[in-house]
file protein.txt (compact mmCIF, C-alpha atoms)
# COMPACT_ATOMS: atom_id res chain seq x y z
CA MET A 245 -4.55 -19.87 15.56
CA ALA A 246 -3.39 -21.62 12.42
CA THR A 247 -5.81 -23.08 9.89
CA THR A 248 -4.89 -26.26 8.01
CA LEU A 249 -6.73 -27.41 4.90
CA ASP A 250 -6.33 -30.50 2.74
CA LEU A 251 -5.92 -29.88 -0.96
CA PRO A 252 -5.75 -32.48 -3.75
CA ARG A 253 -2.53 -32.74 -5.66
CA PRO A 254 -3.12 -31.25 -9.12
CA PRO A 255 -4.15 -34.29 -11.22
CA GLN A 256 -2.18 -35.22 -14.33
CA VAL A 257 0.16 -32.29 -13.73
CA SER A 258 3.89 -32.52 -13.29
CA PRO A 259 5.96 -29.75 -11.72
CA ASP A 260 7.06 -28.70 -15.18
CA ASP A 261 3.54 -28.42 -16.60
CA PHE A 262 2.71 -25.09 -15.03
CA SER A 263 4.42 -21.75 -15.06
CA ARG A 264 2.63 -20.35 -12.04
CA ALA A 265 0.65 -21.72 -9.11
CA ASP A 266 -1.64 -19.61 -6.94
CA LEU A 267 -3.48 -20.18 -3.72
CA GLU A 268 -6.57 -18.01 -3.92
CA PHE A 269 -8.18 -17.09 -0.63
CA ARG A 270 -11.76 -15.90 -0.72
CA GLY A 271 -13.80 -14.20 1.95
CA VAL A 272 -10.83 -12.89 3.95
CA ASP A 273 -12.01 -10.85 6.93
CA HIS A 274 -10.15 -7.60 7.52
CA SER A 275 -12.22 -5.98 10.23
CA GLY A 276 -9.74 -6.68 13.02
CA PRO A 277 -6.00 -6.20 13.48
CA SER A 278 -3.39 -6.12 10.74
CA TYR A 279 -1.31 -9.25 10.36
CA GLU A 280 0.78 -11.43 8.08
CA ALA A 281 -0.70 -14.79 7.07
CA ARG A 282 2.10 -17.26 6.32
CA VAL A 283 1.30 -20.25 4.17
CA TYR A 284 3.10 -23.57 4.65
CA LEU A 285 2.74 -26.68 2.53
CA ASN A 286 2.74 -30.07 4.26
CA ASN A 287 3.70 -28.59 7.61
CA PRO A 288 0.56 -28.69 9.75
CA LYS A 289 2.62 -28.01 12.89
CA ALA A 290 3.80 -24.64 11.60
CA ASP A 291 3.27 -21.75 13.99
CA GLY A 292 4.36 -18.18 14.51
CA GLU A 293 7.91 -19.29 15.36
CA THR A 294 8.45 -21.44 12.27
CA GLY A 295 9.97 -18.74 10.10
CA ARG A 296 10.22 -18.57 6.33
CA ALA A 297 13.03 -21.00 5.48
CA GLU A 298 12.51 -23.17 2.42
CA ASP A 299 12.72 -26.44 4.36
CA THR A 300 9.75 -25.45 6.52
CA GLY A 301 7.41 -25.66 3.54
CA TYR A 302 6.94 -21.90 3.60
CA ALA A 303 5.26 -20.94 0.35
CA GLY A 304 4.46 -17.25 0.73
CA SER A 305 2.38 -14.76 2.68
CA PHE A 306 -0.54 -12.47 2.33
CA TYR A 307 -0.99 -9.40 4.49
CA VAL A 308 -4.17 -8.05 5.99
CA PHE A 309 -4.25 -4.28 6.48
CA GLY A 310 -6.90 -4.28 9.14
CA HIS A 311 -9.65 -1.87 10.10
CA GLY A 312 -8.84 -2.39 13.75
CA GLY A 313 -12.43 -2.64 14.94
CA CYS A 314 -15.80 -1.08 14.25
CA PHE A 315 -16.25 2.64 14.85
CA GLY A 316 -19.86 3.24 13.92
CA GLU A 317 -23.07 2.68 15.76
CA ALA A 318 -24.95 -0.60 15.89
CA GLY A 319 -25.25 -2.08 12.41
CA HIS A 320 -22.67 0.19 10.82
CA CYS A 321 -20.22 -2.62 10.26
CA ASP A 322 -22.76 -5.19 9.07
CA VAL A 323 -21.85 -6.11 5.51
CA PRO A 324 -24.99 -6.35 3.34
CA GLU A 325 -25.71 -9.88 2.22
CA GLY A 326 -27.15 -11.12 -1.04
CA PRO A 327 -26.56 -10.11 -4.65
CA HIS A 328 -25.61 -6.55 -5.48
CA SER A 329 -28.33 -4.78 -7.47
CA PRO A 330 -27.13 -3.48 -10.85
CA PHE A 331 -29.01 -0.27 -10.02
CA ASP A 332 -27.06 0.25 -6.81
CA ARG A 333 -24.06 2.38 -7.78
CA ARG A 334 -22.68 2.64 -4.28
CA LEU A 335 -19.21 1.20 -3.72
CA PRO A 336 -19.02 -2.04 -1.75
CA HIS A 337 -19.20 -1.89 2.03
CA GLN A 338 -15.78 -1.12 3.50
CA LEU A 339 -15.72 -4.44 5.35
CA THR A 340 -16.68 -6.63 2.41
CA PRO A 341 -14.52 -9.75 2.76
CA GLN A 342 -11.53 -9.66 0.45
CA PHE A 343 -9.73 -11.83 -2.08
CA ARG A 344 -6.06 -12.66 -1.68
CA THR A 345 -3.65 -14.49 -3.95
CA VAL A 346 -0.42 -16.08 -2.77
CA VAL A 347 1.90 -17.19 -5.56
CA ILE A 348 3.32 -20.57 -4.49
CA THR A 349 4.93 -21.75 -7.72
CA ASP A 350 8.35 -22.66 -6.37
CA ALA A 351 7.09 -24.17 -3.14
CA LEU A 352 4.51 -26.33 -4.94
CA ARG A 353 7.10 -27.59 -7.40
CA ARG A 354 9.41 -28.55 -4.53
CA LEU A 355 6.61 -30.36 -2.79
CA MET A 356 5.48 -32.23 -5.90
CA ARG A 357 9.03 -33.41 -6.57
CA SER A 358 9.55 -34.66 -3.03
CA ASP A 359 6.10 -36.01 -2.17
CA GLN A 360 3.89 -38.14 -4.39
CA GLY A 361 0.85 -38.13 -2.09
CA ALA A 362 -2.63 -37.59 -3.51
CA THR A 363 -3.20 -34.65 -1.20
CA PHE A 364 -1.17 -32.06 0.63
CA THR A 365 -1.92 -29.62 3.37
CA ALA A 366 -1.87 -25.85 3.34
CA THR A 367 -1.41 -24.38 6.80
CA VAL A 368 -2.09 -20.68 7.22
CA VAL A 369 -0.48 -19.07 10.27
CA PRO A 370 -1.48 -15.54 11.29
CA VAL A 371 1.43 -13.52 12.68
CA VAL A 372 0.26 -10.42 14.53
CA ARG A 373 2.97 -7.94 15.46
CA GLU A 374 2.66 -6.17 18.77
CA ASN A 375 1.17 -2.75 18.07
CA PRO A 376 0.76 -0.48 21.07
CA ALA A 377 -1.27 1.94 18.94
CA SER A 378 -3.92 -0.65 18.12
CA LEU A 379 -7.23 -0.75 19.95
CA VAL A 380 -7.60 -4.43 19.14
CA ARG A 381 -6.31 -6.56 21.96
CA ASP A 382 -6.04 -10.29 22.49
CA VAL A 383 -7.81 -11.42 19.35
CA ALA A 384 -7.86 -15.18 19.64
CA ASP A 385 -8.05 -15.83 15.91
CA PRO A 386 -7.72 -12.88 13.51
CA LEU A 387 -7.46 -15.22 10.52
CA GLN A 388 -10.92 -15.75 9.05
CA PHE A 389 -11.59 -16.74 5.46
CA GLU A 390 -14.20 -18.72 3.58
CA SER A 391 -12.27 -20.89 1.14
CA VAL A 392 -8.98 -21.48 -0.62
CA SER A 393 -8.39 -22.70 -4.16
CA LEU A 394 -5.24 -23.97 -5.86
CA ILE A 395 -4.88 -22.82 -9.46
CA THR A 396 -2.00 -23.92 -11.67
CA TYR A 397 -1.52 -21.90 -14.84
CA GLU A 398 0.09 -22.85 -18.10
CA ASP A 399 -0.26 -19.20 -19.13
CA PRO A 400 0.52 -16.90 -16.21
CA SER A 401 -1.17 -13.97 -17.98
CA ALA A 402 -4.45 -15.70 -17.17
CA ALA A 403 -3.90 -15.05 -13.48
CA GLY A 404 -5.70 -12.23 -11.77
CA ILE A 405 -8.58 -11.45 -9.51
CA PRO A 406 -11.98 -12.42 -10.88
CA LEU A 407 -14.18 -9.78 -12.43
CA PRO A 408 -17.56 -9.26 -10.78
CA MET B 52 22.82 33.07 -23.48
CA SER B 53 24.84 35.62 -21.60
CA ALA B 54 28.21 34.50 -20.36
CA HIS B 55 27.23 36.13 -17.10
CA ALA B 56 24.43 33.75 -16.31
CA HIS B 57 24.78 32.21 -12.86
CA ALA B 58 23.38 28.98 -11.54
CA HIS B 59 21.79 29.14 -8.13
CA ALA B 60 22.49 26.17 -5.91
CA HIS B 61 19.52 23.82 -6.26
CA PRO B 62 16.49 25.93 -5.56
CA ALA B 63 13.45 23.71 -4.95
CA SER B 64 12.02 24.38 -8.39
CA PRO B 65 12.20 26.94 -11.14
CA PRO B 66 10.04 30.03 -10.82
CA SER B 67 6.94 30.65 -12.90
CA GLN B 68 6.28 26.97 -13.30
CA ALA B 69 2.49 26.85 -13.18
CA ARG B 70 2.45 24.98 -16.50
CA ALA B 71 5.49 22.79 -15.79
CA LEU B 72 5.32 19.19 -14.69
CA ARG B 73 6.18 18.66 -11.08
CA HIS B 74 8.69 15.89 -10.52
CA ARG B 75 8.32 13.54 -7.61
CA LYS B 76 11.62 12.16 -6.36
CA SER B 77 12.97 9.70 -3.85
CA VAL B 78 13.19 11.25 -0.42
CA GLU B 79 16.81 10.05 -0.39
CA ASN B 80 17.55 12.21 -3.44
CA LEU B 81 15.93 15.47 -2.40
CA SER B 82 18.05 18.57 -2.34
CA THR B 83 18.09 20.59 0.86
CA ALA B 84 15.68 23.10 -0.64
CA GLN B 85 13.33 20.41 -1.93
CA LEU B 86 13.17 18.70 1.45
CA LYS B 87 12.60 22.04 3.15
CA ALA B 88 9.70 22.82 0.82
CA LEU B 89 8.14 19.44 1.61
CA ARG B 90 8.64 19.95 5.34
CA ASP B 91 7.28 23.49 5.21
CA SER B 92 4.16 22.34 3.39
CA TYR B 93 3.47 19.63 5.97
CA ALA B 94 4.07 22.07 8.79
CA ALA B 95 1.67 24.56 7.24
CA ALA B 96 -0.97 21.87 6.66
CA GLU B 97 -0.58 20.46 10.16
CA ALA B 98 -1.21 23.92 11.59
CA LEU B 99 -4.60 24.18 9.88
CA THR B 100 -7.75 22.60 11.26
CA ASP B 101 -10.04 23.43 8.34
CA ASP B 102 -10.45 21.57 5.05
CA ARG B 103 -7.01 22.65 3.88
CA GLY B 104 -5.35 21.02 6.84
CA PHE B 105 -3.46 17.77 7.22
CA GLY B 106 -6.09 16.33 9.53
CA HIS B 107 -8.78 16.86 6.91
CA TRP B 108 -6.75 15.03 4.26
CA ALA B 109 -5.77 12.18 6.55
CA GLY B 110 -9.39 11.83 7.58
CA ILE B 111 -10.53 11.26 3.99
CA HIS B 112 -8.61 7.99 4.07
CA GLY B 113 -9.76 6.90 7.50
CA LEU B 114 -11.57 8.22 10.54
CA PRO B 115 -13.67 10.22 11.17
CA LEU B 116 -16.42 8.50 9.20
CA PRO B 117 -17.03 8.16 6.34
CA MET B 118 -13.89 6.31 5.33
CA TYR B 119 -13.36 6.60 1.59
CA CYS B 120 -10.18 4.60 1.02
CA GLN B 121 -10.24 1.58 -1.26
CA HIS B 122 -8.36 -1.56 -0.27
CA GLY B 123 -8.76 -5.06 -1.60
CA THR B 124 -10.90 -3.75 -4.44
CA ARG B 125 -10.32 -2.97 -8.11
CA LEU B 126 -9.95 0.68 -7.15
CA PHE B 127 -6.90 0.41 -4.89
CA LEU B 128 -4.35 2.03 -7.20
CA PRO B 129 -6.62 4.55 -8.97
CA TRP B 130 -8.21 5.74 -5.73
CA HIS B 131 -4.87 6.33 -4.04
CA ARG B 132 -3.49 8.07 -7.14
CA ALA B 133 -6.40 10.50 -7.01
CA TYR B 134 -5.87 10.91 -3.26
CA LEU B 135 -2.18 11.80 -3.67
CA TYR B 136 -3.00 14.13 -6.55
CA PHE B 137 -5.45 16.24 -4.55
CA PHE B 138 -3.33 16.10 -1.41
CA GLU B 139 -0.26 17.29 -3.30
CA LEU B 140 -2.24 20.19 -4.78
CA ALA B 141 -3.40 21.10 -1.28
CA LEU B 142 0.22 21.13 -0.07
CA ARG B 143 1.22 23.30 -3.03
CA ASP B 144 -1.54 25.77 -2.20
CA LEU B 145 0.40 26.32 1.02
CA VAL B 146 3.97 26.02 -0.28
CA PRO B 147 4.10 26.29 -4.09
CA ASP B 148 7.38 24.41 -4.46
CA ALA B 149 6.29 21.38 -2.45
CA VAL B 150 6.25 18.07 -4.33
CA LEU B 151 5.56 14.64 -2.87
CA ALA B 152 8.54 12.33 -2.46
CA TRP B 153 8.64 8.54 -2.39
CA TRP B 154 10.09 6.27 0.23
CA ASP B 155 11.96 3.50 -1.57
CA TRP B 156 11.71 0.76 1.04
CA THR B 157 13.74 -1.51 -1.27
CA SER B 158 16.81 0.75 -1.17
CA ALA B 159 20.08 -0.19 0.51
CA GLY B 160 19.56 2.71 2.91
CA SER B 161 16.13 1.50 3.97
CA HIS B 162 17.34 -2.09 4.35
CA ALA B 163 20.13 -0.82 6.59
CA ASN B 164 18.34 1.88 8.56
CA GLY B 165 14.60 1.44 8.07
CA ILE B 166 12.63 4.66 7.89
CA PRO B 167 14.58 7.46 6.14
CA ALA B 168 16.04 10.15 8.34
CA ALA B 169 13.82 12.79 6.72
CA PHE B 170 10.85 11.08 8.38
CA ALA B 171 12.60 9.43 11.33
CA ASP B 172 14.31 12.43 12.89
CA ALA B 173 12.14 13.91 15.63
CA GLN B 174 13.75 17.32 15.32
CA VAL B 175 14.99 19.55 12.54
CA GLY B 176 17.40 21.87 14.23
CA ASN B 177 15.55 23.04 17.29
CA ASN B 178 12.09 22.50 15.82
CA PRO B 179 9.82 19.45 15.66
CA ASN B 180 10.06 17.62 12.35
CA PRO B 181 6.62 17.82 10.70
CA LEU B 182 7.41 14.61 8.78
CA TYR B 183 7.99 12.67 11.99
CA GLN B 184 4.72 12.93 13.84
CA THR B 185 1.33 14.60 13.72
CA THR B 186 -1.62 15.04 16.01
CA VAL B 187 -4.72 12.94 15.39
CA PRO B 188 -7.74 15.22 15.81
CA PRO B 189 -10.29 14.33 18.52
CA ALA B 190 -12.96 13.37 15.98
CA ALA B 191 -10.73 10.57 14.69
CA ARG B 192 -9.62 9.20 18.05
CA GLN B 193 -11.34 6.34 19.83
CA ASN B 194 -11.30 5.17 23.42
CA ASN B 195 -8.68 7.57 24.75
CA GLN B 196 -6.15 6.84 22.03
CA PRO B 197 -3.00 8.95 22.27
CA GLN B 198 -3.26 12.09 20.21
CA GLU B 199 0.24 11.86 18.76
CA THR B 200 1.01 9.41 15.97
CA SER B 201 3.57 6.70 16.65
CA ARG B 202 5.50 3.94 14.89
CA SER B 203 6.91 0.59 15.91
CA PRO B 204 8.95 -0.46 12.88
CA GLY B 205 10.17 -3.99 12.31
CA SER B 206 13.62 -5.14 11.30
CA PRO B 207 14.89 -3.24 8.22
CA GLY B 208 15.81 -6.52 6.58
CA ASP B 209 12.14 -7.50 6.51
CA LEU B 210 11.17 -4.66 4.16
CA PRO B 211 10.24 -5.66 0.59
CA THR B 212 13.13 -6.34 -1.76
CA ARG B 213 13.87 -5.25 -5.32
CA PRO B 214 13.48 -8.81 -6.67
CA GLN B 215 10.00 -8.94 -5.12
CA VAL B 216 9.10 -5.65 -6.78
CA GLN B 217 10.58 -6.70 -10.13
CA SER B 218 8.56 -9.89 -10.01
CA VAL B 219 5.36 -7.93 -9.49
CA LEU B 220 6.24 -5.40 -12.20
CA SER B 221 6.52 -8.25 -14.69
CA LEU B 222 2.88 -9.31 -14.28
CA PRO B 223 1.01 -8.44 -17.48
CA ASP B 224 -2.55 -8.30 -16.12
CA PHE B 225 -3.50 -5.06 -14.36
CA LEU B 226 -5.74 -6.64 -11.76
CA ASP B 227 -3.17 -9.31 -10.98
CA PHE B 228 -0.43 -6.67 -10.73
CA GLN B 229 -2.60 -4.48 -8.55
CA GLY B 230 -3.46 -7.33 -6.19
CA GLN B 231 0.15 -8.40 -5.78
CA LEU B 232 1.39 -4.83 -5.36
CA GLU B 233 -1.26 -4.23 -2.73
CA GLN B 234 0.16 -7.16 -0.76
CA ILE B 235 3.59 -5.52 -0.77
CA HIS B 236 1.88 -2.28 0.24
CA ASN B 237 0.10 -4.02 3.11
CA SER B 238 3.36 -5.56 4.31
CA VAL B 239 4.93 -2.10 4.65
CA HIS B 240 1.97 -0.81 6.66
CA VAL B 241 2.36 -3.81 8.97
CA TRP B 242 6.14 -3.26 9.10
CA VAL B 243 5.88 0.41 10.12
CA GLY B 244 3.27 -0.50 12.72
CA GLY B 245 1.82 1.98 15.18
CA THR B 246 -0.46 4.52 13.56
CA MET B 247 0.43 3.26 10.06
CA GLY B 248 -0.57 -0.25 11.02
CA GLU B 249 -4.33 0.06 10.76
CA ILE B 250 -6.52 1.66 8.10
CA PRO B 251 -8.52 4.17 10.16
CA TRP B 252 -5.42 6.12 11.27
CA ALA B 253 -2.68 5.22 8.81
CA ALA B 254 -2.79 8.47 6.84
CA TYR B 255 -2.20 10.55 9.96
CA ASP B 256 1.42 9.36 9.90
CA PRO B 257 3.29 11.66 7.48
CA ILE B 258 5.21 8.72 6.04
CA PHE B 259 1.94 7.35 4.70
CA PHE B 260 2.15 9.68 1.72
CA ALA B 261 5.79 8.79 0.99
CA HIS B 262 4.83 5.10 1.11
CA HIS B 263 1.92 5.64 -1.26
CA THR B 264 4.00 7.79 -3.58
CA MET B 265 6.28 4.76 -3.91
CA ILE B 266 3.27 2.60 -4.70
CA ASP B 267 2.04 5.13 -7.26
CA ARG B 268 5.53 5.26 -8.80
CA LEU B 269 5.58 1.48 -9.14
CA TRP B 270 2.23 1.64 -10.91
CA ARG B 271 3.74 4.22 -13.27
CA LEU B 272 6.74 1.94 -13.91
CA TRP B 273 4.32 -0.90 -14.61
CA GLN B 274 2.42 1.34 -17.05
CA ILE B 275 5.64 2.04 -18.94
CA ARG B 276 6.36 -1.68 -19.21
CA HIS B 277 2.79 -2.55 -20.15
CA PRO B 278 1.56 0.36 -22.25
CA ASN B 279 -1.67 -1.16 -23.54
CA PRO B 280 -3.27 -3.11 -20.72
CA HIS B 281 -6.86 -4.22 -20.97
CA LEU B 282 -8.98 -2.50 -18.37
CA PRO B 283 -12.70 -3.20 -18.55
CA SER B 284 -14.92 -0.21 -19.32
CA SER B 285 -16.85 -0.81 -16.11
CA LEU B 286 -13.61 -0.11 -14.28
CA LEU B 287 -12.48 2.82 -16.41
CA ASN B 288 -15.78 4.63 -15.92
CA GLN B 289 -15.87 4.08 -12.18
CA ALA B 290 -15.92 7.25 -10.06
CA LEU B 291 -13.48 7.63 -7.16
CA PRO B 292 -15.41 9.37 -4.40
CA PRO B 293 -14.96 11.86 -2.87
CA PHE B 294 -12.73 12.96 -5.74
CA PRO B 295 -14.24 14.36 -8.96
CA MET B 296 -12.33 11.86 -11.06
CA THR B 297 -12.84 8.49 -12.73
CA VAL B 298 -10.39 5.62 -13.01
CA ALA B 299 -9.74 6.57 -16.65
CA GLN B 300 -8.76 10.05 -15.56
CA THR B 301 -6.03 8.68 -13.30
CA LEU B 302 -4.17 6.76 -15.99
CA ASP B 303 -2.15 9.60 -17.53
CA ILE B 304 -0.01 11.13 -14.81
CA LYS B 305 1.42 13.78 -17.10
CA GLY B 306 -2.15 14.86 -17.67
CA LEU B 307 -2.32 15.26 -13.91
CA GLY B 308 0.76 17.45 -14.05
CA TYR B 309 3.41 15.24 -12.53
CA ALA B 310 6.09 12.71 -13.35
CA TYR B 311 8.65 10.62 -11.50
CA ALA B 312 12.31 11.58 -11.70
CA ALA B 313 15.55 10.20 -10.28
CA ALA B 314 16.69 13.70 -9.41
CA THR B 315 16.18 17.28 -10.53
CA ALA B 316 18.17 20.46 -10.29
CA HIS B 317 17.48 23.86 -11.75
CA ALA B 318 19.39 26.99 -12.51
CA VAL B 319 18.08 30.47 -13.07
CA VAL B 320 19.64 33.25 -15.02
CA ALA B 321 20.65 36.16 -12.85
CA HIS B 322 19.80 39.53 -14.47
call {"tool": "encode", "arguments": {"input": "protein.txt", "output": "structure tokens"}}
result
Amino acid sequence: MATTLDLPRPPQVSPDDFSRADLEFRGVDHSGPSYEARVYLNNPKADGETGRAEDTGYAGSFYVFGHGGCFGEAGHCDVPEGPHSPFDRRLPHQLTPQFRTVVITDALRRLMRSDQGATFTATVVPVVRENPASLVRDVADPLQFESVSLITYEDPSAAGIPLP
Amino acid sequence: MSAHAHAHAHPASPPSQARALRHRKSVENLSTAQLKALRDSYAAAEALTDDRGFGHWAGIHGLPLPMYCQHGTRLFLPWHRAYLYFFELALRDLVPDAVLAWWDWTSAGSHANGIPAAFADAQVGNNPNPLYQTTVPPAARQNNQPQETSRSPGSPGDLPTRPQVQSVLSLPDFLDFQGQLEQIHNSVHVWVGGTMGEIPWAAYDPIFFAHHTMIDRLWRLWQIRHPNPHLPSSLLNQALPPFPMTVAQTLDIKGLGYAYAAATAHAVVAH
């Protein structure tokens, strides 16, 4: 199932004012199947058949390399909540939700030149390939994330995942 | 040098090379002897069920629990470099001339044919190809999964392209580079599908290590382009369990005894 979100057009920014534009996805679940998440701008009707042609609003993809289910006993796959103690040197839980960046520079510039609206939509379409080896079957909605942010950079060297 | 020296036809590596760098190469550029050494090492590892065996090494990445691999974290590249390093040493304990090879999924051959023949051919002569398929041990299988690994590759044209890779190599920030490269990495796992398609079993497919050798090579190419990146000390000092190595100790691949080469050939003097 696709997810569509409204995002404000970057204020006071023209398509030539930035050298890179990122959509940053936070809290991406990866406990289920692997899949491609295709991002479309101003195409809320996009689905798994839409393809990646420029005129569809396709902006880029991120890929989830999934865990394919939980293989421990009860509670094994529960991600601890709350702040991480500085005295806890263990690595994060394997299923800690992830951060993904999709670089949408060209697609955003095209949209800003063709559409002057105050907002635009970002539609994220999960595309799950048939995998006979997978134990995960008939997942209604593998795409789960907490939020998305649009960042436009003057200096692309400032881009990168946030430090803890 | 004697005028009577003779060159042997591409032995896998020179003799007495304990102190020499080992050179990882594209699987498309391996000599017959080099490919045989790689195949022989996999076959030897796949025949062992103890902690020298292929199943043990694949299980470090995924099932059986605990799963140690690092994805979507700051440790993705360093952890997998350490993993390849120890796995390659384990292979060389079995076949001294074995060296990991990379699968260049951006090559013209891959975009025409998909998985390279070295890994795609089910047979080598009359024998099973150890780079084609392995057996997933019972401790790693769930719910009556098949014991043999499998693939369901996509269209070759959907593999990552050289312009995509060049774009990622140009990123100056390590964490940004790592995150974008991991996305390309993920796309290849999804493309191969089957056993490679999900984390718990991916490393049981022999092509996993050729895929990750390509990823490690791209990190090395990025290091050459960006020789003085800023990596925070909290990252550099991070351990990479279960390997006795920190992130800082993964940065110098020559210090780990290997390099990447387009091709190698050796000659020995006949006495």
call {"tool": "interface_residues", "arguments": {"input": "protein.txt", "of": "chain A", "to": "chain B", "cutoff": "10 Å", "atoms": "all atoms listed in the file", "output": "number ranges by chain"}}
result
A: 272, 274-280, 305-316, 333-336, 338-347, 372-379, 400-408
call {"tool": "write_last_selection", "arguments": {"input": "protein.txt", "atoms": "C-alpha atoms", "output": "short mmCIF file (atom, residue, chain, number, x, y, z; two decimals), in the frame of the given file"}}
result
data_model
loop_
_atom_site.label_atom_id
_atom_site.label_comp_id
_atom_site.auth_asym_id
_atom_site.auth_seq_id
_atom_site.Cartn_x
_atom_site.Cartn_y
_atom_site.Cartn_z
CA VAL A 272 -10.83 -12.89 3.95
CA HIS A 274 -10.15 -7.60 7.52
CA SER A 275 -12.22 -5.98 10.23
CA GLY A 276 -9.74 -6.68 13.02
CA PRO A 277 -6.00 -6.20 13.48
CA SER A 278 -3.39 -6.12 10.74
CA TYR A 279 -1.31 -9.25 10.36
CA GLU A 280 0.78 -11.43 8.08
CA SER A 305 2.38 -14.76 2.68
CA PHE A 306 -0.54 -12.47 2.33
CA TYR A 307 -0.99 -9.40 4.49
CA VAL A 308 -4.17 -8.05 5.99
CA PHE A 309 -4.25 -4.28 6.48
CA GLY A 310 -6.90 -4.28 9.14
CA HIS A 311 -9.65 -1.87 10.10
CA GLY A 312 -8.84 -2.39 13.75
CA GLY A 313 -12.43 -2.64 14.94
CA CYS A 314 -15.80 -1.08 14.25
CA PHE A 315 -16.25 2.64 14.85
CA GLY A 316 -19.86 3.24 13.92
CA ARG A 333 -24.06 2.38 -7.78
CA ARG A 334 -22.68 2.64 -4.28
CA LEU A 335 -19.21 1.20 -3.72
CA PRO A 336 -19.02 -2.04 -1.75
CA GLN A 338 -15.78 -1.12 3.50
CA LEU A 339 -15.72 -4.44 5.35
CA THR A 340 -16.68 -6.63 2.41
CA PRO A 341 -14.52 -9.75 2.76
CA GLN A 342 -11.53 -9.66 0.45
CA PHE A 343 -9.73 -11.83 -2.08
CA ARG A 344 -6.06 -12.66 -1.68
CA THR A 345 -3.65 -14.49 -3.95
CA VAL A 346 -0.42 -16.08 -2.77
CA VAL A 347 1.90 -17.19 -5.56
CA VAL A 372 0.26 -10.42 14.53
CA ARG A 373 2.97 -7.94 15.46
CA GLU A 374 2.66 -6.17 18.77
CA ASN A 375 1.17 -2.75 18.07
CA PRO A 376 0.76 -0.48 21.07
CA ALA A 377 -1.27 1.94 18.94
CA SER A 378 -3.92 -0.65 18.12
CA LEU A 379 -7.23 -0.75 19.95
CA PRO A 400 0.52 -16.90 -16.21
CA SER A 401 -1.17 -13.97 -17.98
CA ALA A 402 -4.45 -15.70 -17.17
CA ALA A 403 -3.90 -15.05 -13.48
CA GLY A 404 -5.70 -12.23 -11.77
CA ILE A 405 -8.58 -11.45 -9.51
CA PRO A 406 -11.98 -12.42 -10.88
CA LEU A 407 -14.18 -9.78 -12.43
CA PRO A 408 -17.56 -9.26 -10.78
#
call {"tool": "residues_around", "arguments": {"input": "protein.txt", "residues": "segment 141-157 of chain B", "least_positions_apart": "5", "cutoff": "8 Å", "atoms": "only C-alpha atoms", "output": "number ranges by chain"}}
result
B: 63-64, 73-79, 85, 88-89, 91-93, 95-96, 103, 162, 165-167, 210-213, 258, 260-265, 268
call {"tool": "write_last_selection", "arguments": {"input": "protein.txt", "atoms": "C-alpha atoms", "output": "PDB file, keeping the file's coordinate frame"}}
result
ATOM      1  CA  ALA B  63      13.450  23.710  -4.950  1.00  0.00           C
ATOM      2  CA  SER B  64      12.020  24.380  -8.390  1.00  0.00           C
ATOM      3  CA  ARG B  73       6.180  18.660 -11.080  1.00  0.00           C
ATOM      4  CA  HIS B  74       8.690  15.890 -10.520  1.00  0.00           C
ATOM      5  CA  ARG B  75       8.320  13.540  -7.610  1.00  0.00           C
ATOM      6  CA  LYS B  76      11.620  12.160  -6.360  1.00  0.00           C
ATOM      7  CA  SER B  77      12.970   9.700  -3.850  1.00  0.00           C
ATOM      8  CA  VAL B  78      13.190  11.250  -0.420  1.00  0.00           C
ATOM      9  CA  GLU B  79      16.810  10.050  -0.390  1.00  0.00           C
ATOM     10  CA  GLN B  85      13.330  20.410  -1.930  1.00  0.00           C
ATOM     11  CA  ALA B  88       9.700  22.820   0.820  1.00  0.00           C
ATOM     12  CA  LEU B  89       8.140  19.440   1.610  1.00  0.00           C
ATOM     13  CA  ASP B  91       7.280  23.490   5.210  1.00  0.00           C
ATOM     14  CA  SER B  92       4.160  22.340   3.390  1.00  0.00           C
ATOM     15  CA  TYR B  93       3.470  19.630   5.970  1.00  0.00           C
ATOM     16  CA  ALA B  95       1.670  24.560   7.240  1.00  0.00           C
ATOM     17  CA  ALA B  96      -0.970  21.870   6.660  1.00  0.00           C
ATOM     18  CA  ARG B 103      -7.010  22.650   3.880  1.00  0.00           C
ATOM     19  CA  HIS B 162      17.340  -2.090   4.350  1.00  0.00           C
ATOM     20  CA  GLY B 165      14.600   1.440   8.070  1.00  0.00           C
ATOM     21  CA  ILE B 166      12.630   4.660   7.890  1.00  0.00           C
ATOM     22  CA  PRO B 167      14.580   7.460   6.140  1.00  0.00           C
ATOM     23  CA  LEU B 210      11.170  -4.660   4.160  1.00  0.00           C
ATOM     24  CA  PRO B 211      10.240  -5.660   0.590  1.00  0.00           C
ATOM     25  CA  THR B 212      13.130  -6.340  -1.760  1.00  0.00           C
ATOM     26  CA  ARG B 213      13.870  -5.250  -5.320  1.00  0.00           C
ATOM     27  CA  ILE B 258       5.210   8.720   6.040  1.00  0.00           C
ATOM     28  CA  PHE B 260       2.150   9.680   1.720  1.00  0.00           C
ATOM     29  CA  ALA B 261       5.790   8.790   0.990  1.00  0.00           C
ATOM     30  CA  HIS B 262       4.830   5.100   1.110  1.00  0.00           C
ATOM     31  CA  HIS B 263       1.920   5.640  -1.260  1.00  0.00           C
ATOM     32  CA  THR B 264       4.000   7.790  -3.580  1.00  0.00           C
ATOM     33  CA  MET B 265       6.280   4.760  -3.910  1.00  0.00           C
ATOM     34  CA  ARG B 268       5.530   5.260  -8.800  1.00  0.00           C
TER      35      ARG B 268
END
call {"tool": "residues_around", "arguments": {"input": "protein.txt", "residues": "Ala297 of chain A", "least_positions_apart": "4", "cutoff": "12 Å", "atoms": "all atoms listed in the file", "output": "VMD selection string"}}
result
chain A and resid 282 to 284 290 293 301 to 304 351
